[in-house]
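Here is coords_28.cif, consisting of mmCIF, C-alpha atoms and all ligand atoms:
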data_input
loop_
_atom_site.label_atom_id
_atom_site.label_comp_id
_atom_site.auth_asym_id
_atom_site.auth_seq_id
_atom_site.Cartn_x
_atom_site.Cartn_y
_atom_site.Cartn_z
CA MET A 716 0.00 0.00 0.00
CA ASN A 717 1.70 3.14 -1.16
CA VAL A 718 -1.06 5.48 -0.12
CA LEU A 719 -3.99 5.06 2.23
CA LEU A 720 -6.44 7.91 2.51
CA TYR A 721 -8.46 6.12 5.16
CA PRO A 722 -6.21 4.20 7.57
CA PRO A 723 -8.67 2.40 9.87
CA TYR A 724 -7.02 3.09 13.23
CA LEU A 725 -6.25 6.40 14.85
CA GLN A 726 -5.03 7.81 18.16
CA TRP A 727 -6.10 11.33 19.02
CA GLU A 728 -4.00 13.00 21.68
CA VAL A 729 -6.39 15.65 22.95
CA ILE A 730 -4.13 17.25 25.57
CA SER A 731 -0.45 16.97 26.49
CA ASP A 732 -0.98 18.14 30.04
CA CYS A 733 -1.68 15.73 32.89
CA ASN A 734 -2.44 15.80 36.62
CA HIS A 735 0.20 13.08 37.11
CA LYS A 736 3.93 13.05 36.45
CA CYS A 737 4.71 9.38 35.89
CA ILE A 738 8.39 8.57 35.66
CA HIS A 739 7.82 6.45 32.56
CA CYS A 740 5.67 8.98 30.71
CA TYR A 741 6.69 9.75 27.16
CA ASN A 742 5.08 13.14 27.70
CA TYR A 743 7.54 13.80 30.48
CA TRP A 744 10.26 15.00 28.14
CA ARG A 745 8.10 17.84 26.95
CA ALA A 746 6.58 18.73 30.32
CA ASP A 747 8.29 22.11 30.36
CA ASN A 748 8.18 22.49 26.65
CA LEU A 749 6.34 25.44 25.15
CA ASP A 750 4.75 23.09 22.63
CA VAL A 751 2.39 21.75 25.30
CA VAL A 752 -1.06 22.56 24.00
CA ARG A 753 -3.85 22.71 26.52
CA HIS A 754 -6.72 23.64 24.26
CA SER A 755 -6.53 22.65 20.66
CA ASP A 756 -9.04 23.40 17.96
CA PHE A 757 -11.14 20.38 18.85
CA ASP A 758 -13.94 21.14 16.39
CA ALA A 759 -11.66 21.57 13.39
CA ILE A 760 -9.74 18.38 14.22
CA THR A 761 -13.03 16.52 14.73
CA GLU A 762 -14.17 17.42 11.21
CA LYS A 763 -10.84 16.22 9.80
CA ILE A 764 -11.11 12.95 11.74
CA ILE A 765 -14.64 12.30 10.50
CA ALA A 766 -13.45 12.88 6.93
CA ARG A 767 -10.81 10.14 7.41
CA LYS A 768 -13.53 7.62 8.47
CA PRO A 769 -11.56 5.61 11.05
CA VAL A 770 -13.21 2.41 12.29
CA TYR A 771 -11.56 2.83 15.70
CA MET A 772 -10.17 5.84 17.52
CA ALA A 773 -8.27 5.82 20.81
CA VAL A 774 -8.55 9.09 22.71
CA THR A 775 -5.38 9.68 24.70
CA GLY A 776 -3.33 12.42 26.38
CA GLY A 777 -1.84 13.61 28.67
CA GLU A 778 -4.98 13.18 30.70
CA PRO A 779 -7.97 13.48 28.33
CA LEU A 780 -10.50 13.91 31.13
CA LEU A 781 -8.95 17.29 31.98
CA VAL A 782 -10.76 18.52 28.85
CA PHE A 783 -13.80 16.25 29.06
CA ASP A 784 -16.33 19.08 28.57
CA GLU A 785 -14.64 20.16 25.35
CA ILE A 786 -14.10 16.71 23.85
CA LYS A 787 -17.47 15.23 24.82
CA PRO A 788 -19.41 16.69 21.84
CA CYS A 789 -16.50 15.87 19.50
CA ILE A 790 -16.46 12.22 20.59
CA GLU A 791 -20.24 12.03 20.17
CA LYS A 792 -19.97 13.40 16.63
CA ILE A 793 -17.23 10.93 15.73
CA ILE A 794 -19.20 8.00 17.16
CA ASN A 795 -22.33 9.10 15.30
CA ALA A 796 -20.26 9.10 12.11
CA GLY A 797 -19.60 5.37 12.64
CA THR A 798 -16.34 5.14 14.59
CA ARG A 799 -15.89 3.13 17.78
CA VAL A 800 -13.97 4.99 20.48
CA SER A 801 -11.81 4.16 23.48
CA VAL A 802 -10.64 6.62 26.12
CA SER A 803 -7.38 6.04 28.02
CA SER A 804 -7.03 7.95 31.25
CA ASN A 805 -5.32 7.66 34.62
CA GLY A 806 -8.72 7.05 36.19
CA THR A 807 -8.58 9.76 38.84
CA LEU A 808 -11.08 12.17 37.29
CA ILE A 809 -13.99 9.88 36.44
CA THR A 810 -17.35 11.29 37.56
CA GLU A 811 -20.92 9.98 37.37
CA GLU A 812 -21.42 12.10 34.25
CA ILE A 813 -18.33 10.66 32.55
CA ALA A 814 -19.28 7.08 33.45
CA GLU A 815 -22.79 7.65 32.12
CA PHE A 816 -21.29 9.06 28.91
CA TYR A 817 -19.03 6.00 28.55
CA ALA A 818 -21.95 3.63 29.10
CA ARG A 819 -24.31 5.42 26.73
CA ASN A 820 -21.75 5.53 23.92
CA ASN A 821 -20.29 2.06 24.46
CA ILE A 822 -16.84 3.58 24.91
CA ASP A 823 -13.95 1.22 25.64
CA THR A 824 -12.43 2.42 28.89
CA VAL A 825 -8.75 2.00 29.66
CA ILE A 826 -7.30 3.06 33.01
CA SER A 827 -3.58 3.38 33.43
CA PHE A 828 -2.92 2.23 36.99
CA PRO A 829 0.59 1.23 38.09
CA SER A 830 0.09 -0.35 41.51
CA ILE A 831 -2.41 -1.25 44.21
CA ASN A 832 0.25 -0.35 46.78
CA PRO A 833 -0.56 3.28 47.72
CA GLU A 834 3.05 4.27 48.39
CA ILE A 835 4.41 2.72 45.21
CA CYS A 836 1.51 4.05 43.15
CA ASP A 837 2.02 7.65 44.31
CA SER A 838 5.72 7.34 43.77
CA VAL A 839 5.29 6.14 40.15
CA CYS A 840 2.63 8.77 39.41
CA GLY A 841 4.31 11.70 41.14
CA SER A 842 0.97 12.42 42.79
CA SER A 843 -0.86 11.63 46.02
CA GLY A 844 -3.85 9.49 47.00
CA VAL A 845 -3.98 7.84 43.55
CA VAL A 846 -5.13 4.39 44.74
CA SER A 847 -8.13 5.72 46.64
CA LYS A 848 -9.10 8.03 43.74
CA VAL A 849 -8.94 5.17 41.25
CA LYS A 850 -10.93 2.87 43.55
CA LYS A 851 -13.61 5.53 43.78
CA SER A 852 -13.68 5.85 40.00
CA ILE A 853 -13.99 2.10 39.56
CA ALA A 854 -16.97 2.06 41.93
CA ILE A 855 -18.59 4.78 39.79
CA LEU A 856 -17.90 2.85 36.58
CA LYS A 857 -19.43 -0.26 38.14
CA ARG A 858 -22.62 1.62 38.98
CA HIS A 859 -22.91 2.37 35.26
CA ASN A 860 -21.91 -1.16 34.17
CA VAL A 861 -18.79 0.09 32.44
CA LYS A 862 -16.12 -2.58 32.14
CA ALA A 863 -12.66 -1.06 32.17
CA THR A 864 -9.31 -2.51 31.23
CA ILE A 865 -6.54 -1.74 33.71
CA ASN A 866 -3.21 -1.05 32.02
CA ILE A 867 -0.32 -1.66 34.41
CA VAL A 868 2.78 0.03 33.04
CA LEU A 869 5.83 -1.47 34.72
CA THR A 870 9.25 -0.29 35.79
CA LYS A 871 11.38 -1.75 38.57
CA LEU A 872 9.55 0.64 40.89
CA ASN A 873 6.18 -1.10 40.69
CA LEU A 874 7.23 -4.56 39.48
CA PRO A 875 7.37 -5.91 43.08
CA SER A 876 3.65 -5.12 43.51
CA LEU A 877 2.55 -6.62 40.16
CA TRP A 878 0.99 -9.74 41.67
CA GLU A 879 -0.99 -7.78 44.28
CA THR A 880 -2.18 -5.39 41.58
CA LEU A 881 -3.32 -8.25 39.35
CA LYS A 882 -5.24 -9.71 42.31
CA ALA A 883 -6.94 -6.33 42.84
CA VAL A 884 -7.96 -6.20 39.18
CA LYS A 885 -9.46 -9.66 39.54
CA GLU A 886 -11.39 -8.59 42.65
CA TRP A 887 -12.74 -5.59 40.75
CA GLY A 888 -13.98 -7.96 38.04
CA LEU A 889 -11.99 -6.15 35.35
CA THR A 890 -9.40 -7.18 32.76
CA ALA A 891 -5.72 -6.28 32.85
CA ARG A 892 -3.04 -5.47 30.34
CA ILE A 893 0.59 -5.27 31.32
CA GLY A 894 2.60 -2.54 29.70
CA ILE A 895 6.35 -2.50 29.95
CA ALA A 896 7.53 1.08 30.17
CA GLN A 897 9.20 2.10 26.92
CA ARG A 898 12.16 4.37 27.41
CA PRO A 899 10.93 7.92 26.74
CA ILE A 900 13.01 10.26 24.62
CA ASN A 901 14.95 12.42 27.12
CA ALA A 902 14.24 9.85 29.84
CA SER A 903 14.97 11.23 33.30
CA ASP A 904 17.78 9.84 35.49
CA GLU A 905 15.06 8.51 37.75
CA TYR A 906 13.49 6.55 34.91
CA MET A 907 16.86 5.10 33.94
CA ARG A 908 17.33 3.86 37.51
CA TYR A 909 14.11 1.86 37.29
CA GLU A 910 14.26 0.63 33.70
CA LEU A 911 13.45 -3.06 33.25
CA ASN A 912 15.85 -5.59 31.78
CA ARG A 913 15.45 -8.89 29.98
CA GLU A 914 15.33 -10.88 33.23
CA ASP A 915 12.47 -8.67 34.42
CA PHE A 916 10.68 -9.37 31.15
CA ARG A 917 10.98 -13.11 31.75
CA HIS A 918 9.54 -12.65 35.23
CA ILE A 919 6.63 -10.58 33.87
CA VAL A 920 5.77 -13.28 31.32
CA ARG A 921 5.74 -15.91 34.07
CA GLU A 922 3.55 -13.75 36.33
CA CYS A 923 1.17 -13.15 33.45
CA ILE A 924 0.81 -16.90 32.86
CA ARG A 925 0.42 -17.49 36.61
CA ALA A 926 -2.36 -14.89 36.81
CA LYS A 927 -4.19 -16.56 33.94
CA HIS A 928 -4.07 -19.93 35.71
CA GLU A 929 -4.33 -19.07 39.41
CA LEU A 930 -6.59 -16.01 39.22
CA MET A 931 -8.36 -16.92 35.96
CA LEU A 932 -7.67 -13.32 35.00
CA ASP A 933 -7.96 -11.98 31.46
CA VAL A 934 -4.44 -10.52 31.22
CA ASP A 935 -1.94 -10.09 28.40
CA LEU A 936 0.77 -7.65 27.35
CA SER A 937 -0.30 -4.32 25.89
CA VAL A 938 3.09 -3.56 24.38
CA CYS A 939 4.72 -4.77 21.21
CA VAL A 940 7.79 -6.69 22.35
CA PRO A 941 9.96 -8.55 19.83
CA ASP A 942 9.00 -12.17 19.13
CA CYS A 943 12.53 -13.30 20.04
CA ALA A 944 12.10 -11.84 23.54
CA PHE A 945 10.06 -14.94 24.38
CA ASP A 946 12.21 -17.89 25.38
CA SER A 947 9.79 -20.58 24.26
CA GLU A 948 6.85 -21.22 22.00
CA GLU A 949 4.86 -22.19 25.08
CA GLU A 950 5.26 -18.71 26.58
CA TYR A 951 4.69 -16.99 23.23
CA ILE A 952 1.38 -18.81 22.81
CA ALA A 953 0.30 -18.32 26.43
CA VAL A 954 0.80 -14.55 26.45
CA GLU A 955 -0.57 -12.28 23.76
CA LYS A 956 1.38 -9.13 22.99
CA GLY A 957 0.40 -5.85 21.41
CA GLU A 958 0.94 -5.32 17.70
CA CYS A 959 2.44 -2.27 16.09
CA TYR A 960 0.51 -0.73 13.21
CA ALA A 961 2.23 2.66 13.40
CA GLY A 962 2.53 4.27 9.99
CA THR A 963 0.80 1.36 8.22
CA ILE A 964 -2.89 1.10 9.09
CA ALA A 965 -2.65 3.39 12.14
CA TYR A 966 -1.52 6.93 12.80
CA SER A 967 -1.77 9.58 15.47
CA ILE A 968 -3.05 13.14 15.60
CA GLY A 969 -1.53 15.44 18.20
CA THR A 970 -3.01 18.34 20.13
CA ASP A 971 -2.08 20.84 17.43
CA GLY A 972 -3.21 18.62 14.55
CA SER A 973 0.29 17.30 13.83
CA VAL A 974 0.32 13.78 12.40
CA LYS A 975 2.75 11.14 13.58
CA ALA A 976 3.00 7.41 12.92
CA CYS A 977 2.66 6.84 16.67
CA GLN A 978 1.85 9.27 19.44
CA CYS A 979 4.94 8.26 21.40
CA ASP A 980 7.18 9.43 18.58
CA ILE A 981 8.59 12.93 18.11
CA LYS A 982 8.70 12.89 14.32
CA THR A 983 5.79 14.61 12.59
CA TYR A 984 4.85 14.13 8.95
CA GLY A 985 2.43 17.01 8.46
CA ASN A 986 -0.63 18.63 9.98
CA ILE A 987 -4.15 17.30 9.54
CA LEU A 988 -5.54 20.87 9.65
CA ARG A 989 -3.37 22.13 6.81
CA ASP A 990 -1.93 19.36 4.69
CA ASP A 991 -3.26 16.89 2.18
CA PHE A 992 -3.66 13.56 3.99
CA GLY A 993 -2.40 11.47 1.06
CA GLU A 994 0.85 13.45 1.11
CA ILE A 995 1.18 13.09 4.89
CA TYR A 996 0.70 9.33 4.60
CA SER A 997 3.23 9.10 1.76
CA ARG A 998 5.80 10.87 3.94
CA MET A 999 5.41 8.09 6.52
CA SER A 1000 6.73 5.53 4.02
CA GLU A 1001 9.79 4.69 6.17
CA TRP A 1002 7.37 2.81 8.44
CA ARG A 1003 6.30 0.62 5.56
CA ASN A 1004 9.38 0.14 3.40
CA GLY A 1005 11.70 -1.31 6.05
CA GLY A 1006 13.39 2.02 6.74
CA THR A 1007 12.96 1.63 10.49
CA ILE A 1008 13.78 -2.09 10.76
CA PRO A 1009 16.94 -2.97 12.75
CA ARG A 1010 19.76 -4.30 10.55
CA GLU A 1011 19.99 -7.42 12.76
CA CYS A 1012 16.36 -8.23 11.85
CA GLU A 1013 16.78 -8.10 8.07
CA SER A 1014 17.53 -11.80 7.73
CA CYS A 1015 15.01 -12.90 10.37
CA GLY A 1016 12.03 -14.86 9.06
CA ARG A 1017 9.74 -13.04 11.51
CA VAL A 1018 10.50 -9.53 10.39
CA ASP A 1019 7.23 -8.96 8.51
CA ILE A 1020 5.13 -9.64 11.60
CA CYS A 1021 7.51 -8.63 14.39
CA ARG A 1022 8.91 -5.50 12.71
CA GLY A 1023 11.73 -5.51 15.25
CA GLY A 1024 9.62 -4.38 18.21
CA CYS A 1025 8.92 -0.77 19.11
CA ARG A 1026 10.73 1.61 16.78
CA VAL A 1027 10.11 4.66 18.94
CA GLU A 1028 11.78 3.09 21.92
CA ALA A 1029 14.63 2.03 19.68
CA PHE A 1030 15.17 5.67 18.78
CA ALA A 1031 15.18 6.64 22.46
CA ARG A 1032 17.85 4.01 23.13
CA GLY A 1033 20.18 4.47 20.23
CA ASN A 1034 19.24 7.81 18.65
CA ASP A 1035 18.66 5.64 15.59
CA ARG A 1036 15.32 4.16 14.53
CA ARG A 1037 17.07 0.97 13.47
CA THR A 1038 18.38 0.13 16.95
CA LEU A 1039 17.58 -3.39 18.15
CA PRO A 1040 15.21 -3.25 21.14
CA GLU A 1041 16.48 -4.14 24.62
CA PHE A 1042 14.35 -7.25 24.98
CA ALA A 1043 15.26 -8.76 21.60
CA ASN A 1044 17.28 -11.91 22.21
CA LEU A 1045 19.10 -13.06 19.09
CA ASP A 1046 20.15 -16.23 20.95
CA ASN A 1047 16.54 -17.38 20.52
CA LEU A 1048 16.75 -17.23 16.72
CA PRO A 1049 15.44 -18.73 14.57
CA VAL A 1050 12.05 -18.03 16.07
CA ASN A 1051 9.41 -20.35 14.67
CA TYR A 1052 6.75 -19.85 17.34
CA ARG A 1053 3.25 -20.31 15.97
CA ARG A 1054 -0.15 -19.76 17.46
CA THR A 1055 -2.19 -22.59 16.07
CA GLU A 1056 -4.74 -21.09 13.76
CA LYS A 1057 -7.36 -23.47 12.52
CA ILE A 1058 -7.54 -23.32 8.74
CA VAL A 1059 -10.91 -24.45 7.42
CA ASN A 1060 -10.83 -26.29 4.10
CA PHE A 1061 -13.74 -25.81 1.73
CA THR A 1062 -15.55 -27.95 -0.81
CA ASP A 1063 -16.58 -26.56 -4.19
CA ASP A 1064 -20.12 -26.15 -2.81
CA THR A 1065 -19.22 -24.31 0.39
CA THR A 1066 -21.28 -21.13 0.38
CA PHE A 1067 -20.12 -17.75 1.69
CA THR A 1068 -22.21 -14.70 2.50
CA VAL A 1069 -20.95 -11.16 2.99
CA SER A 1070 -21.92 -10.12 6.54
CA ASN A 1071 -24.76 -7.62 6.83
CA ASN A 1072 -22.78 -4.88 8.55
CA VAL A 1073 -19.81 -4.90 6.14
CA LYS A 1074 -18.75 -1.51 4.79
CA PHE A 1075 -16.88 -1.08 1.52
CA LEU A 1076 -14.82 2.11 1.27
CA LYS A 1077 -12.87 3.04 -1.86
CA ASP A 1078 -9.34 4.05 -0.92
CA ALA A 1079 -6.64 5.43 -3.22
CA GLU A 1080 -5.41 2.11 -4.59
CA CYS A 1081 -7.66 -0.50 -3.01
CA TYR A 1082 -10.85 -0.97 -1.01
CA ARG A 1083 -11.06 -0.90 2.76
CA VAL A 1084 -13.57 -3.54 3.82
CA SER A 1085 -14.61 -3.42 7.45
CA SER A 1086 -16.91 -5.13 9.87
CA GLY A 1087 -17.17 -3.29 13.19
CA ILE A 1088 -13.63 -2.50 14.29
CA LEU A 1089 -12.05 -5.11 12.02
CA ALA A 1090 -10.75 -3.91 8.68
CA VAL A 1091 -8.91 -5.49 5.76
CA HIS A 1092 -7.70 -4.09 2.43
CA LEU A 1093 -8.72 -5.84 -0.77
CA THR A 1094 -7.82 -5.24 -4.41
CA ASN A 1095 -10.32 -3.15 -6.34
CA ASP A 1096 -11.35 -6.09 -8.52
CA PHE A 1097 -11.92 -8.49 -5.63
CA ALA A 1098 -13.85 -5.94 -3.56
CA LYS A 1099 -16.08 -5.04 -6.52
CA TRP A 1100 -16.73 -8.72 -7.18
CA LEU A 1101 -17.76 -9.19 -3.53
CA MET A 1102 -20.11 -6.19 -3.73
CA ASP A 1103 -21.77 -7.76 -6.79
CA ASN A 1104 -21.82 -11.25 -5.28
CA LEU A 1105 -23.00 -11.04 -1.70
CA SER A 1106 -23.46 -14.80 -1.64
CA PHE A 1107 -21.31 -17.26 -3.61
CA THR A 1108 -19.77 -20.71 -3.58
CA PHE A 1109 -16.10 -21.60 -3.42
CA SER A 1110 -16.12 -22.85 -7.01
CA GLU A 1111 -17.82 -19.68 -8.27
CA LEU A 1112 -15.10 -17.54 -6.70
CA LEU A 1113 -12.42 -19.90 -7.96
CA SER A 1114 -13.57 -19.58 -11.56
CA ALA A 1115 -14.15 -15.81 -11.27
CA THR A 1116 -10.66 -15.08 -9.96
CA GLY A 1117 -8.65 -17.92 -11.50
CA ALA A 1118 -6.71 -17.91 -8.22
CA ASP A 1119 -4.82 -20.78 -6.70
CA LYS A 1120 -7.06 -23.00 -4.52
CA GLU A 1121 -4.77 -22.91 -1.49
CA GLU A 1122 -4.25 -19.18 -1.68
CA LEU A 1123 -8.00 -18.61 -1.96
CA THR A 1124 -8.60 -20.89 1.05
CA LEU A 1125 -6.29 -18.73 3.16
CA ILE A 1126 -7.91 -15.49 1.98
CA LEU A 1127 -11.41 -16.79 2.72
CA ASN A 1128 -10.31 -17.96 6.17
CA MET A 1129 -8.88 -14.49 6.82
CA LEU A 1130 -12.12 -12.82 5.68
CA ALA A 1131 -14.21 -15.13 7.87
CA LYS A 1132 -11.93 -14.45 10.85
CA ASN A 1133 -12.45 -10.72 10.34
CA ASN A 1134 -16.25 -11.16 10.23
CA ILE A 1135 -16.36 -10.01 6.61
CA LEU A 1136 -17.72 -13.35 5.38
CA ILE A 1137 -20.00 -15.89 6.98
CA ILE A 1138 -19.38 -19.50 6.03
CA GLN A 1139 -22.70 -21.26 5.50
CA GLU A 1140 -22.98 -24.81 6.78
CA ASN A 1141 -24.08 -27.05 3.91
S1 LIG B 1201 -1.05 9.37 33.64
FE1 LIG B 1201 -0.36 8.93 31.55
S2 LIG B 1201 -0.16 10.93 30.56
FE2 LIG B 1201 -0.25 11.29 32.78
S3 LIG B 1201 1.89 11.40 33.41
FE3 LIG B 1201 1.18 9.28 33.72
S4 LIG B 1201 1.73 8.21 31.81
FE4 LIG B 1201 1.85 10.43 31.41
S1 LIG B 1202 15.43 -10.69 15.18
FE1 LIG B 1202 14.21 -8.82 14.93
S2 LIG B 1202 12.48 -9.39 13.62
FE2 LIG B 1202 13.42 -11.28 14.41
S3 LIG B 1202 12.19 -11.77 16.21
FE3 LIG B 1202 13.98 -10.61 16.91
S4 LIG B 1202 13.35 -8.46 16.93
FE4 LIG B 1202 11.83 -9.62 15.76
S1 LIG B 1203 5.92 2.57 17.61
FE1 LIG B 1203 6.08 1.55 19.59
S2 LIG B 1203 4.65 2.60 20.94
FE2 LIG B 1203 4.14 3.15 18.85
S3 LIG B 1203 2.52 1.68 18.24
FE3 LIG B 1203 4.49 0.84 17.58
S4 LIG B 1203 5.15 -0.45 19.25
FE4 LIG B 1203 3.56 0.86 20.06
#
Can you present the structure in this file as structure tokens?
Ligand code: SF4
Ligand code: SF4
Ligand code: SF4
Amino acid sequence: MNVLLYPPYLQWEVISDCNHKCIHCYNYWRADNLDVVRHSDFDAITEKIIARKPVYMAVTGGEPLLVFDEIKPCIEKIINAGTRVSVSSNGTLITEEIAEFYARNNIDTVISFPSINPEICDSVCGSSGVVSKVKKSIAILKRHNVKATINIVLTKLNLPSLWETLKAVKEWGLTARIGIAQRPINASDEYMRYELNREDFRHIVRECIRAKHELMLDVDLSVCVPDCAFDSEEEYIAVEKGECYAGTIAYSIGTDGSVKACQCDIKTYGNILRDDFGEIYSRMSEWRNGGTIPRECESCGRVDICRGGCRVEAFARGNDRRTLPEFANLDNLPVNYRRTEKIVNFTDDTTFTVSNNVKFLKDAECYRVSSGILAVHLTNDFAKWLMDNLSFTFSELLSATGADKEELTLILNMLAKNNILIIQEN
């Protein structure tokens, strides 16, 4: 994909300011920077976002709830235009009104919460009384039946309380994601003192597996660590990790409208309020053409999926986007870990139906085909054929495309997995 005019996933950083000062925060480096924007042109950015038709938008900050009154109508407009929304906050400012708004709009709620231990929590957040504030917020969310995900971002400072924090999440009846702090650009000396190493990562993976078994907790990693950081296929399968779509099917809009591949990065590629989006996306090509991939990864068979881990953190470590991430372990190569995905084989008569809620959107060089928050990109010819043939058999598609049977089987499995197609039982 050389140009996408409608990448499906978007982060909108609505404010850089925050009521916390977490030692791991990537915003930390610009805390005293004049670029901090407290009140952006929310309405103008909202119109630009709606024009880009994202299927999913994550609202982030800073602390987005500091500007809740301003962003509330914007979020409503974006949802009404067909986008699903999540809001990530530190959970200290949630009110009855906010919880009611989340519930009414089916907003995915993420709370960044480092530790159930009050002393540790305040120390990580650079604030006071955080645990009791978050507990109060969770009680409010519960009254409105809002299910939150607790994101536990770890450094050595809060790692010792991880197990207790996971137990608290279980008691609250919520789900957890474990984030491993990524080194911020201009990381403070304090952060460096508490940065995690590869041994810590191994411990985190084991605790994650333990929490799944002993607590029956829905918990995985929220960060995109390299595949070779896992020491065994067993661990790789047991623990899901985040995936990086920065600069490919995802991008980020900052407080002033600046567009980045990822909100944690410092490099901007244009401004959504002023520049042509196709040109902005083209300028992000280094994220798609291998320009950010570590040299050590070039011969690795996993590079297309792993992409060498987080490229922003790599830059913070080596002042070079192609730096190998800390947790990558080349001793584990070659990495052939596989999550077993069941491939369904079809007969000539197997019938497929395009799901009712599927949306076809013409992009610059292809079609974006989406179902809810799942989106795939199909060639123009294939997408048009699907629009004209909402129900078809395997043999009909085979003769229409002249494609290889095995290749078509994989594509149809992928479309079924993304809820684009329904396989009819014969
Ligand atoms: S709560 Fe989030 S935005 Fe605020 S300082 Fe902590 S990490 Fe940064
Ligand atoms: S060598 Fe690079 S691409 Fe391969 S698994 Fe490790 S980090 Fe990922
Ligand atoms: S660049 Fe790093 S922080 Fe940004 S989405 Fe990718 S993995 Fe996540």
- Task: Name the residues, by chain letter and number, that sit within 12 Å of ligand LIG 1202 (chain B) using all atoms listed in the file, and give them as a PyMOL selection string.
- Result: chain A and resi 939-946+951+958-959+1005+1007-1026+1029+1037-1052
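Here CA of Thr1094 (chain A) is placed at a distance of 22.7 Å from CA of Arg998 (chain A).
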- Task: Tell me, as a ChimeraX atom specification, which residues lie within 8 Å of region 842-844 of chain A, counting all atoms listed in the file; anything in the same chain fewer than 6 positions away does not count.
- Result: /A:734-736,833
- Take CA of Glu949 (chain A) and CA of Glu914 (chain A) and report the distance between them in Å, one decimal.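 Going from CA of Glu949 (chain A) over to CA of Glu914 (chain A) covers 17.4 Å.
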- Message: If the limit is 7 Å from any atom of ligand LIG 1201 (chain B), counting all atoms listed in the file, which residues qualify? Return them as a PyMOL selection string.
- Response: chain A and resi 733-737+739-743+776-778+804-805+827+840
- 12 Å contact set for Met931 (chain A), all atoms listed in the file, chain neighbours under 5 positions out, as a list of chain:residue names: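 Surrounding residues, per the criterion: A:Leu881, A:Lys882, A:Val884, A:Lys885, A:Glu886, A:Gly888, A:Leu889, A:Thr890, A:Ala891, A:Cys923, A:Ile924, A:Arg925, A:Ala926.
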Save out the residues we just selected, C-alpha atoms, as a compact mmCIF listing (two decimals), in the coordinates of the input.
# COMPACT_ATOMS: atom_id res chain seq x y z
CA LEU A 881 -3.32 -8.25 39.35
CA LYS A 882 -5.24 -9.71 42.31
CA VAL A 884 -7.96 -6.20 39.18
CA LYS A 885 -9.46 -9.66 39.54
CA GLU A 886 -11.39 -8.59 42.65
CA GLY A 888 -13.98 -7.96 38.04
CA LEU A 889 -11.99 -6.15 35.35
CA THR A 890 -9.40 -7.18 32.76
CA ALA A 891 -5.72 -6.28 32.85
CA CYS A 923 1.17 -13.15 33.45
CA ILE A 924 0.81 -16.90 32.86
CA ARG A 925 0.42 -17.49 36.61
CA ALA A 926 -2.36 -14.89 36.81
- Closest to ligand LIG 1203 (chain B) among A:Leu1105, A:Ile1088, A:Ala1098, A:Ala896, using only C-alpha atoms and all ligand atoms?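 Ranking A:Leu1105, A:Ile1088, A:Ala1098, A:Ala896 by distance to ligand LIG 1203 (chain B), first place goes to A:Ala896.
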- Query: When distances are computed from only C-alpha atoms, which of A:Leu1089, A:Leu988, A:Phe1097, A:Asp823 shows the smallest separation from Asp758 (chain A)?
  - Reply: A:Leu988
- Query: Pick the closest to Gly1087 (chain A) from A:Gly797, A:Pro788, A:Pro722, A:Gly806: which is it, counting all atoms listed in the file?
  - Reply: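 Selected residue with least distance to Gly1087 (chain A): A:Gly797.
Closest approach to Lys871 (chain A) among A:Val802, A:Ile738, A:Leu936, A:Ala1079 is made by A:Ile738 (distances from only C-alpha atoms).
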- Nearest to Arg1083 (chain A) by atom-to-atom distance, counting only C-alpha atoms, from A:Arg908, A:Lys982, A:Lys792, A:Ile964: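 Counting only C-alpha atoms, the residue closest to Arg1083 (chain A) is A:Ile964.
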- Task: Take CA of Ile813 (chain A) and CA of Arg799 (chain A) and report the distance between them in Å, one decimal.
- Result: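 Distance between the two atoms: 16.8 Å.
Distances here use only C-alpha atoms and all ligand atoms; by that measure, the residue among A:Arg898, A:Arg913, A:Arg1053, A:Lys1074 closest to ligand LIG 1203 (chain B) is A:Arg898.
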- Message: Which residues are near Leu725 (chain A)? Cut-off 10 Å, all atoms listed in the file, ignore same chain within fewer than 6 positions. Put them as JSON, numbers by chain.
- Response: {"A": [764, 767, 768, 769, 770, 771, 772, 773, 774, 800, 960, 961, 964, 965, 966, 967, 968, 976, 977, 978]}
Save out the residues we just selected, C-alpha atoms, as a JSON list (two decimals), keeping the file's coordinate frame.
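Output file result37.json is given in full below:
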[["chain", "number", "residue", "atom", "x", "y", "z"],
["A", 764, "ILE", "CA", -11.11, 12.95, 11.74],
["A", 767, "ARG", "CA", -10.81, 10.14, 7.41],
["A", 768, "LYS", "CA", -13.53, 7.62, 8.47],
["A", 769, "PRO", "CA", -11.56, 5.61, 11.05],
["A", 770, "VAL", "CA", -13.21, 2.41, 12.29],
["A", 771, "TYR", "CA", -11.56, 2.83, 15.70],
["A", 772, "MET", "CA", -10.17, 5.84, 17.52],
["A", 773, "ALA", "CA", -8.27, 5.82, 20.81],
["A", 774, "VAL", "CA", -8.55, 9.09, 22.71],
["A", 800, "VAL", "CA", -13.97, 4.99, 20.48],
["A", 960, "TYR", "CA", 0.51, -0.73, 13.21],
["A", 961, "ALA", "CA", 2.23, 2.66, 13.40],
["A", 964, "ILE", "CA", -2.89, 1.10, 9.09],
["A", 965, "ALA", "CA", -2.65, 3.39, 12.14],
["A", 966, "TYR", "CA", -1.52, 6.93, 12.80],
["A", 967, "SER", "CA", -1.77, 9.58, 15.47],
["A", 968, "ILE", "CA", -3.05, 13.14, 15.60],
["A", 976, "ALA", "CA", 3.00, 7.41, 12.92],
["A", 977, "CYS", "CA", 2.66, 6.84, 16.67],
["A", 978, "GLN", "CA", 1.85, 9.27, 19.44]]
- Task: Select, counting all atoms listed in the file, all protein, DNA and RNA residues no farther than 10 Å from (-11.0, 16.5, 32.9) in file coordinates, and express the selection as a list in words.
- Result: Cys733, Asn734, Glu778, Pro779, Leu780, Leu781, Val782, Phe783, Asp784, Glu785, Ile786, Ser804, Thr807, Leu808, Ile809, Thr810 and Ile813 of chain A
